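Take a look at the structure set out below.
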Amino acid sequence: MKQIIITLAASLTQLGFRCGMGSNMRKLCFSILLFALFVMASVTAHAETKIGVSMSLFDDMWLTTLRLGMKSYAEKLGDVKLNFEDARGDVGRQQSQIQNFIVSKVDGILVATLVDPSAGPAISKAAQEAGIPLVFVNNAPANIDSLPKGQAFVGSDDLEAGRFQAETACKLLGGKGKVLLMLGQLGTTGQRLRTQGVKDVFKREECKGMEIIQEQTADYMRLPAIDLMNNWLTAGFKFDAVIANNDEMALGAIQSLKANGIPMDKVVVAGVDGTQDALTAMKAGDLDITVFQNGPGQGRLAIDVLLKLIKGETVDIKNFVPFELVTKENLDKYLGAK
């Protein structure tokens, strides 16, 4: 686009030098100049790709890394404008945001992330009928395997995260131990698949001694996780590990355990996301396992996939950014990284 503008400007400059002759020539030149300026304005107006981004919740540590990663990448591209909206955990609010994006005729829509996967099909249909490309990010919609043309999913394979957690916990405990399992928001991709990944590993011969004695949701949040861990301790459950669907719940469990005088070297605690708070807790010897989920990486890939869809290019329906296991041995690689 910039080259087109530069070329037009150069042509106008040359034309200007030739417009000093006769009145007819001046009129012709004036008309050509007006037309050229109109073309330049049109080119400039369409140089920017407008993308609406509906996020389930701004006030979430990992989603913040996703949002900032998207923002940074869009600024680097230069001709992509992102309009972020916070759904505040409300399904209806998120659906209204999608409708507003459609009415404002954005070039593409990113749903990062869905408040409720069951609302995905309705959002997908609305974007399809409007002819606007759409990419779901991180939390897959219920219709993930039947997305229409012009739509895709970008995230990480949550089964992999659960397997990483369980494999490492099994190894640390010698294949035998009692486990408390903290679940994320019920029905979300992360809650379902990370939990399944853990259970799949515990069915293996070398990990059959691992027993899940309790599993309850704390909605991916630290304070509910503190309350849940307190309840389990009050109930008198004996356990060797706490495996949480994300870092915030793992950190809540740690806070409760420490407040109740339980030595952290007596229990294995695992989370997912690799947030800076979690890595700091690992450095302090409180957290044993986390699985790095690359928020900025997902954000960049989501924008790239959407831009391809906007151009009419073909993309895979499912696009994954790999998870990475983080333990005390490779912690320094991630601590302080952005």
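Residues in the structure tokens are named by chain (A, B, ... in the order shown) and by number from 1 within that chain; ligands are numbered from 1 in the order shown.
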Contacts of stretch 294-309 of chain A within 6 Å, only C-alpha atoms, excl. fewer than 5 positions in-chain, as a PDB file with N, CA and C atoms, in the first residue's frame:
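The new file result11.pdb reads:
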ATOM      1  N   THR A  65      -1.542 -12.017  29.129  1.00  0.00           N
ATOM      2  CA  THR A  65      -0.383 -12.265  28.253  1.00  0.00           C
ATOM      3  C   THR A  65      -0.833 -12.468  26.820  1.00  0.00           C
ATOM      4  N   LEU A  66      -1.984 -13.101  26.634  1.00  0.00           N
ATOM      5  CA  LEU A  66      -2.533 -13.301  25.290  1.00  0.00           C
ATOM      6  C   LEU A  66      -2.890 -11.965  24.661  1.00  0.00           C
ATOM      7  N   GLY A  69       0.168  -9.874  23.901  1.00  0.00           N
ATOM      8  CA  GLY A  69       0.868 -10.451  22.765  1.00  0.00           C
ATOM      9  C   GLY A  69       0.219 -10.065  21.447  1.00  0.00           C
ATOM     10  N   MET A  70      -1.110 -10.097  21.418  1.00  0.00           N
ATOM     11  CA  MET A  70      -1.847  -9.681  20.218  1.00  0.00           C
ATOM     12  C   MET A  70      -1.582  -8.207  19.906  1.00  0.00           C
ATOM     13  N   GLY A 150     -13.957 -20.115   6.211  1.00  0.00           N
ATOM     14  CA  GLY A 150     -13.698 -18.763   6.696  1.00  0.00           C
ATOM     15  C   GLY A 150     -13.562 -18.688   8.201  1.00  0.00           C
ATOM     16  N   VAL A 154      -7.443 -21.507  16.990  1.00  0.00           N
ATOM     17  CA  VAL A 154      -6.017 -21.423  17.343  1.00  0.00           C
ATOM     18  C   VAL A 154      -5.893 -21.607  18.850  1.00  0.00           C
ATOM     19  N   GLY A 155      -5.013 -22.504  19.266  1.00  0.00           N
ATOM     20  CA  GLY A 155      -4.821 -22.725  20.690  1.00  0.00           C
ATOM     21  C   GLY A 155      -3.677 -23.682  20.928  1.00  0.00           C
TER      22      GLY A 155
END
Residues within 9 Å of stretch 177-194 of chain A, only C-alpha atoms, excluding chain neighbours under 5 positions, as number ranges by chain: A: 114-118, 138-141, 157-163, 165, 170, 199, 209-221, 225, 228-229, 232, 237-246, 249-250, 253
Residues of the last selection are to be written out with C-alpha atoms, as a CSV table (one decimal), in the first residue's frame.
chain,number,residue,atom,x,y,z
A,114,LEU,CA,-15.2,-18.0,24.6
A,115,VAL,CA,-17.0,-17.5,27.8
A,116,ASP,CA,-18.9,-20.7,27.1
A,117,PRO,CA,-18.1,-23.2,24.3
A,118,SER,CA,-21.8,-24.0,23.9
A,138,ASN,CA,-7.7,-20.9,23.2
A,139,ASN,CA,-11.1,-22.1,24.2
A,140,ALA,CA,-12.6,-24.2,21.3
A,141,PRO,CA,-16.3,-23.9,20.4
A,157,ASP,CA,-3.5,-29.1,22.7
A,158,ASP,CA,-4.9,-29.3,26.3
A,159,LEU,CA,-4.6,-33.1,26.4
A,160,GLU,CA,-0.9,-32.6,26.1
A,161,ALA,CA,-0.9,-30.2,29.1
A,162,GLY,CA,-2.7,-32.7,31.3
A,163,ARG,CA,-0.4,-35.5,30.3
A,165,GLN,CA,1.4,-32.8,34.6
A,170,CYS,CA,3.8,-39.8,38.6
A,199,LYS,CA,-6.6,-39.5,33.9
A,209,GLY,CA,-0.7,-46.5,41.8
A,210,MET,CA,-1.8,-42.9,41.3
A,211,GLU,CA,-5.4,-42.4,42.7
A,212,ILE,CA,-7.6,-39.3,42.3
A,213,ILE,CA,-9.5,-39.1,45.6
A,214,GLN,CA,-11.3,-35.8,45.0
A,215,GLU,CA,-12.0,-33.5,42.0
A,216,GLN,CA,-13.9,-30.2,42.2
A,217,THR,CA,-13.9,-27.0,40.3
A,218,ALA,CA,-12.4,-23.7,41.5
A,219,ASP,CA,-13.2,-21.9,38.2
A,220,TYR,CA,-9.5,-21.3,37.3
A,221,MET,CA,-9.4,-18.7,40.1
A,225,ALA,CA,-8.9,-22.5,45.0
A,228,LEU,CA,-11.5,-25.4,48.1
A,229,MET,CA,-8.1,-26.4,49.5
A,232,TRP,CA,-10.3,-30.5,51.7
A,237,PHE,CA,-8.2,-35.9,53.2
A,238,LYS,CA,-4.8,-37.5,53.1
A,239,PHE,CA,-3.0,-36.8,49.8
A,240,ASP,CA,0.4,-36.6,48.1
A,241,ALA,CA,-0.3,-34.3,45.2
A,242,VAL,CA,-2.5,-31.4,44.1
A,243,ILE,CA,-2.9,-31.2,40.3
A,244,ALA,CA,-4.7,-28.1,39.1
A,245,ASN,CA,-6.0,-27.2,35.6
A,246,ASN,CA,-4.2,-23.9,35.7
A,249,MET,CA,-5.6,-22.6,41.2
A,250,ALA,CA,-2.3,-24.2,42.0
A,253,ALA,CA,-3.7,-24.4,46.8
Interatomic distance, atom CA of A:Gln196 to atom CA of A:Ala166 (Å, one decimal): 10.3 Å
Atomic distance atom CA of A:Leu251 - atom CA of A:Met55, expressed in Å with one decimal: 23.3 Å
All residues 9 Å or closer to A:Asp277, only C-alpha atoms, same chain fewer than 2 positions away omitted, as a PyMOL selection string: chain A and resi 247-248+251+274-275+279-282
Atom CA of A:Cys207 to atom CA of A:Phe292, distance in Å rounded to a single decimal: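 The value is 23.1 Å.
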Long-range neighbours of A:Asp286 as a VMD selection string, 8 Å cut-off, only C-alpha atoms, 5 positions minimum in chain: chain A and resid 254 264 to 265 269 281
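For the residues A:Met61, A:Leu147, A:Val53, A:Val135, ranking by smallest atom-to-atom distance to A:Arg222 using only C-alpha atoms places A:Met61 first.
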All alpha helix (DSSP H) positions in stretch 157-320 of chain A, as a ChimeraX atom specification: /A:158-172,189-202,222-235,247-259,276-283,295-310
Strand (DSSP E) per DSSP on the backbone: members of stretch 78-250 of chain A, as a ChimeraX atom specification: /A:80-86,108-111,134-137,151-155,176-183,209-217,241-244
Go ahead and write the selection's residues with N, CA and C atoms as a compact mmCIF listing (two decimals), in the first residue's frame.
# COMPACT_ATOMS: atom_id res chain seq x y z
N VAL A 80 -2.65 -3.28 11.06
CA VAL A 80 -3.72 -4.04 11.69
C VAL A 80 -4.18 -3.31 12.96
N LYS A 81 -5.47 -3.01 13.04
CA LYS A 81 -6.03 -2.33 14.21
C LYS A 81 -6.93 -3.29 14.96
N LEU A 82 -6.62 -3.51 16.25
CA LEU A 82 -7.42 -4.40 17.09
C LEU A 82 -8.32 -3.59 18.02
N ASN A 83 -9.58 -3.96 18.07
CA ASN A 83 -10.54 -3.34 18.99
C ASN A 83 -10.92 -4.37 20.05
N PHE A 84 -10.35 -4.25 21.26
CA PHE A 84 -10.57 -5.22 22.32
C PHE A 84 -11.84 -4.89 23.11
N GLU A 85 -12.62 -5.93 23.43
CA GLU A 85 -13.79 -5.79 24.28
C GLU A 85 -13.74 -6.87 25.36
N ASP A 86 -14.11 -6.50 26.59
CA ASP A 86 -14.09 -7.41 27.73
C ASP A 86 -15.49 -7.94 27.99
N GLY A 108 -12.48 -8.75 10.33
CA GLY A 108 -12.37 -10.08 10.91
C GLY A 108 -12.64 -10.02 12.41
N ILE A 109 -12.93 -11.19 12.99
CA ILE A 109 -13.25 -11.26 14.41
C ILE A 109 -12.40 -12.34 15.08
N LEU A 110 -11.86 -12.00 16.26
CA LEU A 110 -11.16 -12.96 17.11
C LEU A 110 -11.97 -13.12 18.39
N VAL A 111 -12.29 -14.36 18.75
CA VAL A 111 -12.97 -14.63 20.01
C VAL A 111 -11.94 -15.27 20.93
N LEU A 134 -13.67 -15.45 11.01
CA LEU A 134 -13.64 -15.52 12.46
C LEU A 134 -12.67 -16.60 12.92
N VAL A 135 -11.93 -16.30 13.99
CA VAL A 135 -11.03 -17.29 14.59
C VAL A 135 -11.30 -17.36 16.09
N PHE A 136 -11.58 -18.57 16.56
CA PHE A 136 -11.71 -18.81 17.99
C PHE A 136 -10.31 -19.07 18.54
N VAL A 137 -10.01 -18.48 19.69
CA VAL A 137 -8.67 -18.60 20.26
C VAL A 137 -8.74 -19.23 21.65
N GLN A 151 -13.53 -19.85 8.87
CA GLN A 151 -13.37 -19.86 10.32
C GLN A 151 -12.36 -20.92 10.74
N ALA A 152 -11.72 -20.71 11.90
CA ALA A 152 -10.69 -21.64 12.37
C ALA A 152 -10.53 -21.51 13.88
N PHE A 153 -9.73 -22.40 14.43
CA PHE A 153 -9.41 -22.38 15.86
C PHE A 153 -7.90 -22.33 16.03
N VAL A 154 -7.44 -21.51 16.99
CA VAL A 154 -6.02 -21.42 17.34
C VAL A 154 -5.89 -21.61 18.85
N GLY A 155 -5.01 -22.50 19.27
CA GLY A 155 -4.82 -22.73 20.69
C GLY A 155 -3.68 -23.68 20.93
N LYS A 176 3.11 -43.88 42.66
CA LYS A 176 2.11 -44.21 43.68
C LYS A 176 1.81 -42.98 44.53
N GLY A 177 0.52 -42.66 44.68
CA GLY A 177 0.15 -41.53 45.51
C GLY A 177 -1.32 -41.16 45.37
N LYS A 178 -1.84 -40.43 46.34
CA LYS A 178 -3.22 -39.95 46.31
C LYS A 178 -3.24 -38.50 45.82
N VAL A 179 -4.19 -38.21 44.92
CA VAL A 179 -4.20 -36.92 44.21
C VAL A 179 -5.51 -36.18 44.40
N LEU A 180 -5.39 -34.87 44.67
CA LEU A 180 -6.53 -33.96 44.65
C LEU A 180 -6.48 -33.21 43.32
N LEU A 181 -7.61 -33.18 42.60
CA LEU A 181 -7.64 -32.58 41.26
C LEU A 181 -8.53 -31.35 41.26
N MET A 182 -7.92 -30.19 40.99
CA MET A 182 -8.67 -28.93 40.90
C MET A 182 -9.03 -28.65 39.46
N LEU A 183 -10.33 -28.51 39.20
CA LEU A 183 -10.83 -28.32 37.85
C LEU A 183 -11.08 -26.85 37.55
N GLY A 209 -0.68 -46.73 40.36
CA GLY A 209 -0.73 -46.48 41.79
C GLY A 209 -1.16 -45.07 42.14
N MET A 210 -1.37 -44.24 41.13
CA MET A 210 -1.83 -42.86 41.33
C MET A 210 -3.35 -42.87 41.39
N GLU A 211 -3.90 -42.36 42.49
CA GLU A 211 -5.35 -42.40 42.70
C GLU A 211 -5.91 -41.00 42.93
N ILE A 212 -6.89 -40.61 42.12
CA ILE A 212 -7.57 -39.33 42.31
C ILE A 212 -8.67 -39.54 43.35
N ILE A 213 -8.51 -38.90 44.52
CA ILE A 213 -9.48 -39.12 45.60
C ILE A 213 -10.56 -38.04 45.65
N GLN A 214 -10.29 -36.87 45.06
CA GLN A 214 -11.28 -35.79 45.01
C GLN A 214 -11.03 -34.95 43.76
N GLU A 215 -12.10 -34.49 43.13
CA GLU A 215 -11.97 -33.53 42.02
C GLU A 215 -13.15 -32.57 42.07
N GLN A 216 -12.83 -31.28 42.15
CA GLN A 216 -13.86 -30.24 42.20
C GLN A 216 -13.36 -29.00 41.47
N THR A 217 -14.31 -28.18 41.06
CA THR A 217 -13.95 -26.97 40.32
C THR A 217 -13.64 -25.80 41.25
N ALA A 241 -0.44 -35.23 46.29
CA ALA A 241 -0.30 -34.26 45.19
C ALA A 241 -1.58 -33.49 44.97
N VAL A 242 -1.42 -32.25 44.51
CA VAL A 242 -2.54 -31.42 44.06
C VAL A 242 -2.25 -31.06 42.61
N ILE A 243 -3.12 -31.50 41.71
CA ILE A 243 -2.95 -31.18 40.30
C ILE A 243 -4.09 -30.25 39.89
N ALA A 244 -3.74 -29.06 39.42
CA ALA A 244 -4.73 -28.05 39.06
C ALA A 244 -4.72 -27.80 37.56
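Comparing the minimum interatomic distances between A:Glu75 and each of A:Thr49, A:Gln276, A:Asn231, A:Ser104, counting only C-alpha atoms, we find that A:Thr49 sits nearest.
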